[in-house]
$ cat my_file24.pdb   # PDB, C-alpha atoms
ATOM      1  CA  MET A   1     -24.672  -1.763   3.445
ATOM      2  CA  LEU A   2     -23.129  -4.134   5.982
ATOM      3  CA  TYR A   3     -22.908  -3.260   9.687
ATOM      4  CA  LEU A   4     -20.459  -4.768  12.131
ATOM      5  CA  GLU A   5     -23.123  -7.222  13.301
ATOM      6  CA  ASP A   6     -23.545  -8.539   9.753
ATOM      7  CA  PHE A   7     -19.974  -9.837   9.557
ATOM      8  CA  ALA A   8     -18.715 -13.238  10.658
ATOM      9  CA  PRO A   9     -15.474 -15.127  10.080
ATOM     10  CA  GLY A  10     -15.491 -17.215   6.926
ATOM     11  CA  GLN A  11     -17.692 -14.912   4.848
ATOM     12  CA  THR A  12     -16.314 -14.176   1.393
ATOM     13  CA  TYR A  13     -16.922 -11.329  -1.038
ATOM     14  CA  GLY A  14     -16.111 -10.945  -4.716
ATOM     15  CA  SER A  15     -15.574  -8.000  -7.019
ATOM     16  CA  GLY A  16     -15.794  -6.929 -10.623
ATOM     17  CA  THR A  17     -12.712  -6.880 -12.824
ATOM     18  CA  LEU A  18     -10.221  -4.278 -13.943
ATOM     19  CA  THR A  19      -8.014  -4.551 -17.010
ATOM     20  CA  VAL A  20      -4.511  -3.152 -16.641
ATOM     21  CA  THR A  21      -3.057  -1.305 -19.617
ATOM     22  CA  GLY A  22       0.605  -0.577 -20.301
ATOM     23  CA  ALA A  23      -0.265   3.117 -20.395
ATOM     24  CA  ASP A  24      -1.749   2.877 -16.874
ATOM     25  CA  VAL A  25       1.349   1.093 -15.581
ATOM     26  CA  ILE A  26       3.669   3.733 -17.019
ATOM     27  CA  ARG A  27       1.527   6.692 -15.965
ATOM     28  CA  PHE A  28       1.303   5.546 -12.329
ATOM     29  CA  ALA A  29       5.020   4.745 -12.219
ATOM     30  CA  THR A  30       5.964   8.075 -13.760
ATOM     31  CA  GLU A  31       4.186   9.884 -10.943
ATOM     32  CA  PHE A  32       4.972   7.650  -7.967
ATOM     33  CA  ASP A  33       7.484   4.894  -8.693
ATOM     34  CA  PRO A  34       9.767   5.913 -11.573
ATOM     35  CA  GLN A  35      12.002   2.849 -11.817
ATOM     36  CA  PRO A  36      13.028   1.368 -15.189
ATOM     37  CA  PHE A  37      11.133  -1.920 -14.706
ATOM     38  CA  HIS A  38       7.875   0.028 -14.209
ATOM     39  CA  LEU A  39       8.475   2.533 -17.020
ATOM     40  CA  ASP A  40       9.988   0.867 -20.040
ATOM     41  CA  ALA A  41       9.381  -2.606 -21.483
ATOM     42  CA  GLU A  42      12.841  -2.814 -23.030
ATOM     43  CA  ALA A  43      14.686  -1.745 -19.865
ATOM     44  CA  ALA A  44      12.502  -4.073 -17.788
ATOM     45  CA  LYS A  45      13.704  -7.174 -19.665
ATOM     46  CA  GLY A  46      17.031  -7.182 -17.846
ATOM     47  CA  SER A  47      15.488  -6.556 -14.425
ATOM     48  CA  LEU A  48      14.323  -8.868 -11.673
ATOM     49  CA  PHE A  49      10.832  -8.594 -13.203
ATOM     50  CA  ARG A  50      11.926  -9.764 -16.688
ATOM     51  CA  GLY A  51       9.447  -7.413 -18.347
ATOM     52  CA  LEU A  52       7.292  -4.379 -17.640
ATOM     53  CA  ALA A  53       5.516  -4.772 -14.295
ATOM     54  CA  ALA A  54       3.114  -2.532 -12.409
ATOM     55  CA  SER A  55       4.360  -0.856  -9.247
ATOM     56  CA  GLY A  56       3.153  -2.797  -6.214
ATOM     57  CA  TRP A  57       1.534   0.424  -5.014
ATOM     58  CA  HIS A  58      -0.346   0.613  -8.291
ATOM     59  CA  THR A  59      -1.595  -2.927  -7.708
ATOM     60  CA  ALA A  60      -2.622  -1.882  -4.196
ATOM     61  CA  ALA A  61      -4.460   1.168  -5.559
ATOM     62  CA  MET A  62      -6.216  -0.898  -8.237
ATOM     63  CA  THR A  63      -7.212  -3.391  -5.549
ATOM     64  CA  MET A  64      -8.789  -0.542  -3.586
ATOM     65  CA  LYS A  65     -10.724   0.456  -6.698
ATOM     66  CA  LEU A  66     -11.953  -3.124  -7.085
ATOM     67  CA  LEU A  67     -12.953  -3.262  -3.408
ATOM     68  CA  GLN A  68     -14.943  -0.038  -3.818
ATOM     69  CA  GLY A  69     -17.094  -1.494  -6.550
ATOM     70  CA  GLY A  70     -17.296  -4.955  -5.032
ATOM     71  CA  GLU A  71     -19.545  -6.949  -2.738
ATOM     72  CA  LEU A  72     -17.792  -5.979   0.505
ATOM     73  CA  THR A  73     -19.712  -2.840   1.486
ATOM     74  CA  PRO A  74     -19.074  -1.975   5.161
ATOM     75  CA  ALA A  75     -21.205   0.776   6.696
ATOM     76  CA  GLY A  76     -19.162   3.951   6.771
ATOM     77  CA  GLY A  77     -17.014   2.972   3.785
ATOM     78  CA  ILE A  78     -13.833   0.972   3.346
ATOM     79  CA  ILE A  79     -11.482   2.455   5.915
ATOM     80  CA  GLY A  80      -8.237   0.654   6.667
ATOM     81  CA  ALA A  81      -7.072   0.870  10.270
ATOM     82  CA  GLY A  82      -3.848  -0.953   9.531
ATOM     83  CA  PHE A  83      -2.380  -3.916   7.728
ATOM     84  CA  GLU A  84      -0.319  -6.743   9.129
ATOM     85  CA  GLU A  85       0.551  -8.306   5.793
ATOM     86  CA  LEU A  86       0.920  -6.966   2.268
ATOM     87  CA  ASN A  87       2.843  -8.702  -0.460
ATOM     88  CA  TRP A  88       2.974  -9.208  -4.179
ATOM     89  CA  PRO A  89       3.575 -12.878  -5.046
ATOM     90  CA  ARG A  90       3.966 -12.188  -8.801
ATOM     91  CA  PRO A  91       4.133  -9.189 -11.117
ATOM     92  CA  VAL A  92       1.102  -7.486 -12.657
ATOM     93  CA  ARG A  93       1.580  -7.158 -16.419
ATOM     94  CA  PRO A  94      -0.070  -4.987 -19.047
ATOM     95  CA  GLY A  95      -3.186  -6.824 -20.222
ATOM     96  CA  ASP A  96      -3.806  -8.525 -16.893
ATOM     97  CA  VAL A  97      -7.414  -8.620 -15.712
ATOM     98  CA  LEU A  98      -7.607  -8.255 -11.950
ATOM     99  CA  ARG A  99     -10.279  -9.071  -9.386
ATOM    100  CA  VAL A 100     -10.228  -9.202  -5.608
ATOM    101  CA  HIS A 101     -11.554 -11.865  -3.289
ATOM    102  CA  SER A 102     -12.067 -10.900   0.367
ATOM    103  CA  GLU A 103     -12.470 -13.221   3.325
ATOM    104  CA  ILE A 104     -13.498 -12.175   6.818
ATOM    105  CA  LEU A 105     -11.035 -13.569   9.356
ATOM    106  CA  ASP A 106     -12.254 -11.923  12.546
ATOM    107  CA  VAL A 107     -14.847  -9.473  13.881
ATOM    108  CA  ARG A 108     -14.289  -7.383  16.950
ATOM    109  CA  ALA A 109     -16.422  -4.725  18.667
ATOM    110  CA  SER A 110     -14.547  -1.658  19.870
ATOM    111  CA  GLN A 111     -14.136  -1.496  23.634
ATOM    112  CA  SER A 112     -13.887   2.296  23.683
ATOM    113  CA  ARG A 113     -16.337   3.208  20.900
ATOM    114  CA  PRO A 114     -19.600   1.222  20.995
ATOM    115  CA  THR A 115     -20.665   2.655  17.630
ATOM    116  CA  GLN A 116     -17.922   0.872  15.706
ATOM    117  CA  GLY A 117     -15.636  -2.125  15.510
ATOM    118  CA  LEU A 118     -13.005  -3.805  13.381
ATOM    119  CA  ILE A 119     -13.155  -6.595  10.862
ATOM    120  CA  LYS A 120      -9.993  -8.452   9.948
ATOM    121  CA  VAL A 121      -9.946  -9.209   6.240
ATOM    122  CA  ARG A 122      -7.677 -11.147   3.917
ATOM    123  CA  GLY A 123      -7.893  -9.613   0.458
ATOM    124  CA  THR A 124      -6.379 -11.563  -2.414
ATOM    125  CA  THR A 125      -6.051  -9.942  -5.814
ATOM    126  CA  PHE A 126      -6.036 -12.456  -8.652
ATOM    127  CA  ASN A 127      -5.089 -12.150 -12.296
ATOM    128  CA  GLN A 128      -6.949 -13.741 -15.232
ATOM    129  CA  ASP A 129      -5.118 -17.038 -14.614
ATOM    130  CA  ASP A 130      -6.455 -17.136 -11.037
ATOM    131  CA  LYS A 131      -2.940 -16.569  -9.709
ATOM    132  CA  PRO A 132      -2.568 -14.199  -6.740
ATOM    133  CA  VAL A 133      -0.744 -10.952  -7.523
ATOM    134  CA  GLN A 134      -1.340  -9.325  -4.131
ATOM    135  CA  VAL A 135      -2.336 -10.527  -0.678
ATOM    136  CA  PHE A 136      -3.174  -8.300   2.237
ATOM    137  CA  VAL A 137      -4.371  -8.976   5.752
ATOM    138  CA  GLY A 138      -5.773  -5.839   7.282
ATOM    139  CA  HIS A 139      -8.248  -4.359   9.703
ATOM    140  CA  LEU A 140     -11.175  -2.262   8.517
ATOM    141  CA  ILE A 141     -13.217   0.083  10.687
ATOM    142  CA  VAL A 142     -16.931  -0.739  10.432
ATOM    143  CA  GLN A 143     -19.911   1.065  11.935
ATOM    144  CA  ALA A 144     -22.172  -0.865  14.298
ATOM    145  CA  ARG A 145     -25.892  -1.024  13.491
ATOM    146  CA  PRO A 146     -27.484   2.125  14.893
ATOM    147  CA  THR A 147     -29.646   1.544  17.945
ATOM    148  CA  VAL A 148     -33.074   3.158  17.725
TER     149      VAL A 148
ATOM    150  CA  MET B   1      24.331   2.891  -4.831
ATOM    151  CA  LEU B   2      24.176   0.710  -1.728
ATOM    152  CA  TYR B   3      24.820  -3.012  -1.881
ATOM    153  CA  LEU B   4      23.589  -5.557   0.645
ATOM    154  CA  GLU B   5      26.985  -5.465   2.396
ATOM    155  CA  ASP B   6      26.653  -1.706   2.938
ATOM    156  CA  PHE B   7      23.594  -2.033   5.145
ATOM    157  CA  ALA B   8      23.522  -2.566   8.899
ATOM    158  CA  PRO B   9      20.779  -2.331  11.514
ATOM    159  CA  GLY B  10      20.382   1.152  12.955
ATOM    160  CA  GLN B  11      21.292   3.079   9.811
ATOM    161  CA  THR B  12      18.854   5.841   8.922
ATOM    162  CA  TYR B  13      18.059   7.593   5.655
ATOM    163  CA  GLY B  14      16.161  10.791   4.923
ATOM    164  CA  SER B  15      14.326  12.155   1.906
ATOM    165  CA  GLY B  16      13.241  15.326   0.238
ATOM    166  CA  THR B  17       9.728  16.680   0.708
ATOM    167  CA  LEU B  18       6.496  16.538  -1.235
ATOM    168  CA  THR B  19       3.628  18.987  -0.847
ATOM    169  CA  VAL B  20       0.149  17.490  -1.102
ATOM    170  CA  THR B  21      -2.485  19.527  -2.923
ATOM    171  CA  GLY B  22      -6.255  19.162  -2.672
ATOM    172  CA  ALA B  23      -6.328  18.569  -6.422
ATOM    173  CA  ASP B  24      -3.887  15.651  -6.035
ATOM    174  CA  VAL B  25      -5.980  14.135  -3.248
ATOM    175  CA  ILE B  26      -9.160  14.328  -5.311
ATOM    176  CA  ARG B  27      -7.543  13.123  -8.549
ATOM    177  CA  PHE B  28      -6.032  10.016  -6.917
ATOM    178  CA  ALA B  29      -9.262   9.247  -5.079
ATOM    179  CA  THR B  30     -11.354   9.686  -8.203
ATOM    180  CA  GLU B  31      -9.320   7.010  -9.944
ATOM    181  CA  PHE B  32      -8.674   4.555  -7.121
ATOM    182  CA  ASP B  33     -10.574   5.304  -3.920
ATOM    183  CA  PRO B  34     -13.756   7.255  -4.701
ATOM    184  CA  GLN B  35     -15.198   7.694  -1.212
ATOM    185  CA  PRO B  36     -16.784  10.998  -0.084
ATOM    186  CA  PHE B  37     -14.112  11.762   2.548
ATOM    187  CA  HIS B  38     -11.399  11.574  -0.144
ATOM    188  CA  LEU B  39     -13.353  13.492  -2.797
ATOM    189  CA  ASP B  40     -15.254  16.388  -1.290
ATOM    190  CA  ALA B  41     -14.285  18.696   1.567
ATOM    191  CA  GLU B  42     -17.904  19.399   2.507
ATOM    192  CA  ALA B  43     -18.945  15.736   2.548
ATOM    193  CA  ALA B  44     -15.769  14.851   4.464
ATOM    194  CA  LYS B  45     -16.715  17.081   7.415
ATOM    195  CA  GLY B  46     -19.278  14.598   8.686
ATOM    196  CA  SER B  47     -17.011  11.578   8.227
ATOM    197  CA  LEU B  48     -14.597   9.798  10.525
ATOM    198  CA  PHE B  49     -11.842  11.981   9.019
ATOM    199  CA  ARG B  50     -13.603  15.304   9.833
ATOM    200  CA  GLY B  51     -12.336  16.877   6.632
ATOM    201  CA  LEU B  52     -10.826  15.990   3.280
ATOM    202  CA  ALA B  53      -8.116  13.347   3.695
ATOM    203  CA  ALA B  54      -5.862  11.589   1.211
ATOM    204  CA  SER B  55      -6.499   7.921   0.520
ATOM    205  CA  GLY B  56      -4.057   5.803   2.498
ATOM    206  CA  TRP B  57      -2.950   4.276  -0.801
ATOM    207  CA  HIS B  58      -2.196   7.751  -2.073
ATOM    208  CA  THR B  59      -0.043   8.331   1.003
ATOM    209  CA  ALA B  60       1.682   5.012   0.316
ATOM    210  CA  ALA B  61       2.286   6.000  -3.320
ATOM    211  CA  MET B  62       3.635   9.427  -2.313
ATOM    212  CA  THR B  63       5.916   7.713   0.199
ATOM    213  CA  MET B  64       7.271   5.542  -2.610
ATOM    214  CA  LYS B  65       7.945   8.687  -4.621
ATOM    215  CA  LEU B  66       9.816  10.198  -1.666
ATOM    216  CA  LEU B  67      11.822   6.993  -1.226
ATOM    217  CA  GLN B  68      12.811   7.077  -4.905
ATOM    218  CA  GLY B  69      14.358  10.501  -4.588
ATOM    219  CA  GLY B  70      15.780   9.935  -1.115
ATOM    220  CA  GLU B  71      18.991   8.765   0.505
ATOM    221  CA  LEU B  72      18.075   5.074   0.615
ATOM    222  CA  THR B  73      19.411   3.845  -2.733
ATOM    223  CA  PRO B  74      19.683   0.031  -2.750
ATOM    224  CA  ALA B  75      21.456  -1.575  -5.684
ATOM    225  CA  GLY B  76      18.835  -2.865  -8.104
ATOM    226  CA  GLY B  77      16.217  -0.330  -7.055
ATOM    227  CA  ILE B  78      13.605  -0.172  -4.325
ATOM    228  CA  ILE B  79      11.798  -3.494  -4.612
ATOM    229  CA  GLY B  80       9.428  -4.526  -1.855
ATOM    230  CA  ALA B  81       9.319  -8.242  -1.143
ATOM    231  CA  GLY B  82       6.534  -7.853   1.384
ATOM    232  CA  PHE B  83       5.328  -5.806   4.300
ATOM    233  CA  GLU B  84       4.478  -6.944   7.789
ATOM    234  CA  GLU B  85       3.079  -3.629   8.964
ATOM    235  CA  LEU B  86       1.399  -0.707   7.217
ATOM    236  CA  ASN B  87      -0.761   1.834   8.931
ATOM    237  CA  TRP B  88      -1.820   5.444   8.814
ATOM    238  CA  PRO B  89      -1.804   6.986  12.310
ATOM    239  CA  ARG B  90      -3.379  10.268  11.145
ATOM    240  CA  PRO B  91      -4.906  11.709   7.977
ATOM    241  CA  VAL B  92      -2.905  13.457   5.259
ATOM    242  CA  ARG B  93      -4.522  16.815   4.453
ATOM    243  CA  PRO B  94      -4.237  19.155   1.492
ATOM    244  CA  GLY B  95      -1.264  21.433   2.144
ATOM    245  CA  ASP B  96       0.667  18.826   4.125
ATOM    246  CA  VAL B  97       4.379  18.587   3.397
ATOM    247  CA  LEU B  98       5.552  14.993   3.617
ATOM    248  CA  ARG B  99       8.966  13.390   4.039
ATOM    249  CA  VAL B 100      10.041   9.842   4.810
ATOM    250  CA  HIS B 101      12.552   8.578   7.332
ATOM    251  CA  SER B 102      13.850   5.040   6.879
ATOM    252  CA  GLU B 103      15.605   2.895   9.440
ATOM    253  CA  ILE B 104      17.327  -0.415   8.749
ATOM    254  CA  LEU B 105      16.091  -3.051  11.192
ATOM    255  CA  ASP B 106      17.751  -6.161   9.834
ATOM    256  CA  VAL B 107      19.970  -7.394   7.001
ATOM    257  CA  ARG B 108      19.842 -10.923   5.697
ATOM    258  CA  ALA B 109      21.692 -12.668   2.862
ATOM    259  CA  SER B 110      19.594 -14.966   0.721
ATOM    260  CA  GLN B 111      20.227 -18.670   1.305
ATOM    261  CA  SER B 112      19.134 -19.653  -2.174
ATOM    262  CA  ARG B 113      20.422 -16.687  -4.208
ATOM    263  CA  PRO B 114      23.936 -15.557  -3.268
ATOM    264  CA  THR B 115      23.629 -12.463  -5.486
ATOM    265  CA  GLN B 116      20.949 -10.871  -3.329
ATOM    266  CA  GLY B 117      19.470 -10.486   0.122
ATOM    267  CA  LEU B 118      16.804  -8.700   2.094
ATOM    268  CA  ILE B 119      16.877  -5.628   4.266
ATOM    269  CA  LYS B 120      14.097  -5.060   6.769
ATOM    270  CA  VAL B 121      13.166  -1.393   6.882
ATOM    271  CA  ARG B 122      10.849   0.736   8.972
ATOM    272  CA  GLY B 123       9.702   3.686   6.884
ATOM    273  CA  THR B 124       7.912   6.500   8.675
ATOM    274  CA  THR B 125       6.264   9.240   6.659
ATOM    275  CA  PHE B 126       6.027  12.509   8.576
ATOM    276  CA  ASN B 127       4.020  15.655   7.946
ATOM    277  CA  GLN B 128       5.280  19.226   8.418
ATOM    278  CA  ASP B 129       4.519  19.002  12.156
ATOM    279  CA  ASP B 130       6.795  15.968  12.459
ATOM    280  CA  LYS B 131       3.790  13.774  13.161
ATOM    281  CA  PRO B 132       3.731  10.320  11.522
ATOM    282  CA  VAL B 133       1.064   9.853   8.842
ATOM    283  CA  GLN B 134       2.231   6.409   7.710
ATOM    284  CA  VAL B 135       4.410   3.680   9.149
ATOM    285  CA  PHE B 136       5.521   0.582   7.295
ATOM    286  CA  VAL B 137       7.804  -2.293   8.180
ATOM    287  CA  GLY B 138       8.809  -4.149   5.065
ATOM    288  CA  HIS B 139      11.463  -6.204   3.371
ATOM    289  CA  LEU B 140      13.362  -4.902   0.358
ATOM    290  CA  ILE B 141      15.324  -7.029  -2.091
ATOM    291  CA  VAL B 142      18.904  -5.745  -2.415
ATOM    292  CA  GLN B 143      21.680  -6.892  -4.718
ATOM    293  CA  ALA B 144      24.908  -8.125  -3.158
ATOM    294  CA  ARG B 145      28.149  -6.471  -4.210
ATOM    295  CA  PRO B 146      29.316  -8.164  -7.416
ATOM    296  CA  THR B 147      32.318 -10.413  -6.948
ATOM    297  CA  VAL B 148      35.094  -9.825  -9.464
TER     298      VAL B 148
END
$ encode --input "my_file24.pdb" --output "structure tokens"
Amino acid sequence: MLYLEDFAPGQTYGSGTLTVTGADVIRFATEFDPQPFHLDAEAAKGSLFRGLAASGWHTAAMTMKLLQGGELTPAGGIIGAGFEELNWPRPVRPGDVLRVHSEILDVRASQSRPTQGLIKVRGTTFNQDDKPVQVFVGHLIVQARPTV
Amino acid sequence: MLYLEDFAPGQTYGSGTLTVTGADVIRFATEFDPQPFHLDAEAAKGSLFRGLAASGWHTAAMTMKLLQGGELTPAGGIIGAGFEELNWPRPVRPGDVLRVHSEILDVRASQSRPTQGLIKVRGTTFNQDDKPVQVFVGHLIVQARPTV
């Protein structure tokens, strides 16, 4: 478990991997993002995506799952206070194997709450070809080391 | 269906509503964000959230679902090119009834692709008390009106 004091800019953290299936892509899209290019391989061919692609929000959710099981383990959990960048440079396809790489950009103690602070993190989700499929820059709430 | 030329800054669009159940919150969290405050009402009491709260990514996914069925209907679908702000001002609780309000902030033709452009949108997801639970500012890809 990593307390606020354990973080410093430049640190990096890896994760395990997650394999995306076509069934996962379609199931998520059916519930949350029912657009043809996320639902049907044939219909997706004529779309901007030129083939079935995961909803960006599915990629974001899978990234959260990867973060949970990964090396970045802030005290108190992984709690996003807000993001200032989130984008999807290329589509996630059925069969893709994803992992997330996190880099600490900044560490800041809270002025109002001495028991916590914020770390600024860039999280890049890569596919099996080491190409980024999602990039976020966000702020996580982290507990400070308890004083005895 | 709204083409790029139909959009102008200041336009607003509403949506239907979506009721969040505790079962939904736990199911999403189990798959993508398995932290105690998203999984178990009792364990959540002692957390930062002071009770069971939906994963922020669940809120984002539900917002996408609301957008799909709502008044904002860009030609080509709702395709996010990137977000420059995403945050969750307060927790989403079981029983909450969500809706999304979208405002067009900017409209821009593509320099490189005359058949499309970008609209900059602020999407605010409200609960039944008209309190914001999510705010995003993002850019959507929109098709230009076809020339005959």
$ closest_atom_pairs --input "my_file24.pdb" --of "range 74-138 of chain A" --to "range 21-40 of chain A" --cutoff "8 Å" --atoms "only C-alpha atoms" --output "tab-separated table"
residue	atom	partner	partner_atom	distance
A:Arg93	CA	A:Gly22	CA	7.7
A:Pro94	CA	A:Gly22	CA	4.6
A:Gly95	CA	A:Thr21	CA	5.6
A:Asp96	CA	A:Thr21	CA	7.8
$ calpha_fit_and_write --input "my_file24.pdb" --fixed "chain B" --moving "chain A" --output "short mmCIF file (atom, residue, chain, number, x, y, z; two decimals) with C-alpha atoms, in the frame of the given file"
data_model
loop_
_atom_site.label_atom_id
_atom_site.label_comp_id
_atom_site.auth_asym_id
_atom_site.auth_seq_id
_atom_site.Cartn_x
_atom_site.Cartn_y
_atom_site.Cartn_z
CA MET A 1 24.33 2.89 -4.84
CA LEU A 2 24.17 0.70 -1.73
CA TYR A 3 24.83 -3.05 -1.88
CA LEU A 4 23.60 -5.57 0.66
CA GLU A 5 26.98 -5.47 2.40
CA ASP A 6 26.66 -1.71 2.93
CA PHE A 7 23.59 -2.05 5.15
CA ALA A 8 23.52 -2.57 8.90
CA PRO A 9 20.78 -2.33 11.52
CA GLY A 10 20.37 1.15 12.95
CA GLN A 11 21.29 3.07 9.80
CA THR A 12 18.85 5.84 8.93
CA TYR A 13 18.06 7.59 5.66
CA GLY A 14 16.16 10.78 4.92
CA SER A 15 14.32 12.13 1.91
CA GLY A 16 13.24 15.33 0.23
CA THR A 17 9.73 16.68 0.70
CA LEU A 18 6.49 16.54 -1.22
CA THR A 19 3.63 18.99 -0.85
CA VAL A 20 0.15 17.49 -1.10
CA THR A 21 -2.48 19.53 -2.92
CA GLY A 22 -6.25 19.15 -2.67
CA ALA A 23 -6.32 18.56 -6.42
CA ASP A 24 -3.88 15.64 -6.03
CA VAL A 25 -5.98 14.13 -3.25
CA ILE A 26 -9.16 14.32 -5.31
CA ARG A 27 -7.55 13.12 -8.54
CA PHE A 28 -6.03 10.01 -6.92
CA ALA A 29 -9.27 9.24 -5.08
CA THR A 30 -11.36 9.68 -8.21
CA GLU A 31 -9.32 7.01 -9.95
CA PHE A 32 -8.68 4.55 -7.12
CA ASP A 33 -10.58 5.31 -3.92
CA PRO A 34 -13.77 7.25 -4.71
CA GLN A 35 -15.21 7.69 -1.22
CA PRO A 36 -16.78 10.99 -0.09
CA PHE A 37 -14.12 11.75 2.55
CA HIS A 38 -11.40 11.57 -0.14
CA LEU A 39 -13.35 13.49 -2.80
CA ASP A 40 -15.23 16.39 -1.30
CA ALA A 41 -14.28 18.71 1.56
CA GLU A 42 -17.89 19.42 2.49
CA ALA A 43 -18.94 15.75 2.54
CA ALA A 44 -15.78 14.85 4.46
CA LYS A 45 -16.72 17.08 7.41
CA GLY A 46 -19.28 14.59 8.68
CA SER A 47 -17.01 11.58 8.22
CA LEU A 48 -14.61 9.80 10.52
CA PHE A 49 -11.86 11.99 9.01
CA ARG A 50 -13.61 15.30 9.84
CA GLY A 51 -12.32 16.88 6.64
CA LEU A 52 -10.82 15.99 3.28
CA ALA A 53 -8.12 13.34 3.70
CA ALA A 54 -5.87 11.59 1.21
CA SER A 55 -6.51 7.92 0.51
CA GLY A 56 -4.06 5.80 2.50
CA TRP A 57 -2.96 4.28 -0.80
CA HIS A 58 -2.20 7.76 -2.06
CA THR A 59 -0.05 8.34 1.02
CA ALA A 60 1.67 5.02 0.32
CA ALA A 61 2.28 6.00 -3.31
CA MET A 62 3.62 9.43 -2.31
CA THR A 63 5.90 7.71 0.20
CA MET A 64 7.27 5.55 -2.61
CA LYS A 65 7.94 8.70 -4.62
CA LEU A 66 9.80 10.20 -1.66
CA LEU A 67 11.82 6.99 -1.21
CA GLN A 68 12.80 7.08 -4.89
CA GLY A 69 14.36 10.50 -4.59
CA GLY A 70 15.78 9.93 -1.13
CA GLU A 71 18.99 8.77 0.49
CA LEU A 72 18.07 5.07 0.62
CA THR A 73 19.41 3.84 -2.73
CA PRO A 74 19.67 0.02 -2.75
CA ALA A 75 21.45 -1.58 -5.70
CA GLY A 76 18.84 -2.88 -8.09
CA GLY A 77 16.21 -0.33 -7.05
CA ILE A 78 13.59 -0.18 -4.33
CA ILE A 79 11.80 -3.50 -4.62
CA GLY A 80 9.42 -4.53 -1.87
CA ALA A 81 9.32 -8.25 -1.14
CA GLY A 82 6.53 -7.87 1.39
CA PHE A 83 5.34 -5.81 4.30
CA GLU A 84 4.48 -6.94 7.79
CA GLU A 85 3.07 -3.62 8.96
CA LEU A 86 1.41 -0.70 7.21
CA ASN A 87 -0.76 1.84 8.95
CA TRP A 88 -1.83 5.44 8.84
CA PRO A 89 -1.79 6.99 12.33
CA ARG A 90 -3.39 10.28 11.16
CA PRO A 91 -4.90 11.71 8.00
CA VAL A 92 -2.92 13.46 5.26
CA ARG A 93 -4.52 16.82 4.46
CA PRO A 94 -4.24 19.17 1.50
CA GLY A 95 -1.26 21.44 2.15
CA ASP A 96 0.67 18.84 4.13
CA VAL A 97 4.38 18.59 3.38
CA LEU A 98 5.56 15.00 3.61
CA ARG A 99 8.97 13.39 4.04
CA VAL A 100 10.03 9.85 4.81
CA HIS A 101 12.55 8.60 7.33
CA SER A 102 13.85 5.04 6.88
CA GLU A 103 15.61 2.89 9.45
CA ILE A 104 17.32 -0.41 8.75
CA LEU A 105 16.08 -3.04 11.20
CA ASP A 106 17.75 -6.16 9.83
CA VAL A 107 19.98 -7.40 7.00
CA ARG A 108 19.85 -10.92 5.70
CA ALA A 109 21.71 -12.68 2.86
CA SER A 110 19.60 -14.98 0.71
CA GLN A 111 20.26 -18.66 1.30
CA SER A 112 19.17 -19.66 -2.20
CA ARG A 113 20.44 -16.69 -4.22
CA PRO A 114 23.96 -15.55 -3.27
CA THR A 115 23.65 -12.47 -5.49
CA GLN A 116 20.96 -10.87 -3.34
CA GLY A 117 19.47 -10.50 0.11
CA LEU A 118 16.81 -8.70 2.09
CA ILE A 119 16.87 -5.63 4.26
CA LYS A 120 14.10 -5.06 6.77
CA VAL A 121 13.17 -1.39 6.88
CA ARG A 122 10.84 0.73 8.97
CA GLY A 123 9.70 3.68 6.88
CA THR A 124 7.92 6.50 8.67
CA THR A 125 6.26 9.25 6.67
CA PHE A 126 6.02 12.52 8.57
CA ASN A 127 4.02 15.67 7.95
CA GLN A 128 5.28 19.24 8.43
CA ASP A 129 4.52 19.02 12.16
CA ASP A 130 6.81 15.98 12.47
CA LYS A 131 3.79 13.78 13.17
CA PRO A 132 3.74 10.33 11.53
CA VAL A 133 1.07 9.87 8.86
CA GLN A 134 2.22 6.42 7.72
CA VAL A 135 4.42 3.68 9.15
CA PHE A 136 5.51 0.60 7.29
CA VAL A 137 7.79 -2.28 8.17
CA GLY A 138 8.81 -4.14 5.07
CA HIS A 139 11.46 -6.20 3.37
CA LEU A 140 13.35 -4.90 0.35
CA ILE A 141 15.33 -7.04 -2.09
CA VAL A 142 18.90 -5.74 -2.42
CA GLN A 143 21.68 -6.89 -4.72
CA ALA A 144 24.91 -8.14 -3.16
CA ARG A 145 28.17 -6.48 -4.21
CA PRO A 146 29.33 -8.18 -7.40
CA THR A 147 32.34 -10.42 -6.96
CA VAL A 148 35.09 -9.80 -9.50
#
$ interface_residues --input "my_file24.pdb" --of "chain B" --to "chain A" --cutoff "10 Å" --atoms "all atoms listed in the file" --output "number ranges by chain"
B: 28-37, 47-48, 55-58, 60-69, 76-89, 134-139, 141
$ residues_near_point --input "my_file24.pdb" --point "(24.3, -13.7, -1.6)" --cutoff "12 Å" --atoms "all atoms listed in the file" --output "list in words"
Tyr3, Leu4, Glu5, Val107, Arg108, Ala109, Ser110, Gln111, Ser112, Arg113, Pro114, Thr115, Gln116, Gly117, Leu118, Ile141, Val142, Gln143, Ala144, Arg145, Pro146 and Thr147 of chain B
$ atom_distance --input "my_file24.pdb" --atom1 "CA of Asn127 in chain B" --atom2 "CA of Gln11 in chain B"
21.4 Å
$ closest_residue --input "my_file24.pdb" --among "B:Leu105, B:Thr19, B:Arg99, B:Phe126" --to "Glu71 in chain B" --atoms "all atoms listed in the file"
B:Arg99
$ atom_distance --input "my_file24.pdb" --atom1 "CA of Tyr13 in chain A" --atom2 "CA of Val121 in chain A"
10.3 Å
$ residues_around --input "my_file24.pdb" --residues "Leu2 in chain A" --least-positions-apart "2" --cutoff "8 Å" --atoms "only C-alpha atoms" --output "ChimeraX atom specification"
/A:4-7,72-75
$ atom_distance --input "my_file24.pdb" --atom1 "CA of Val97 in chain B" --atom2 "CA of Leu18 in chain B"
5.5 Å
$ residues_around --input "my_file24.pdb" --residues "Gly10 in chain A" --least-positions-apart "5" --cutoff "12 Å" --atoms "all atoms listed in the file" --output "list of chain:residue names"
A:Ser102, A:Glu103, A:Ile104, A:Leu105, A:Asp106, A:Val107, A:Ile119, A:Lys120, A:Val121, A:Arg122
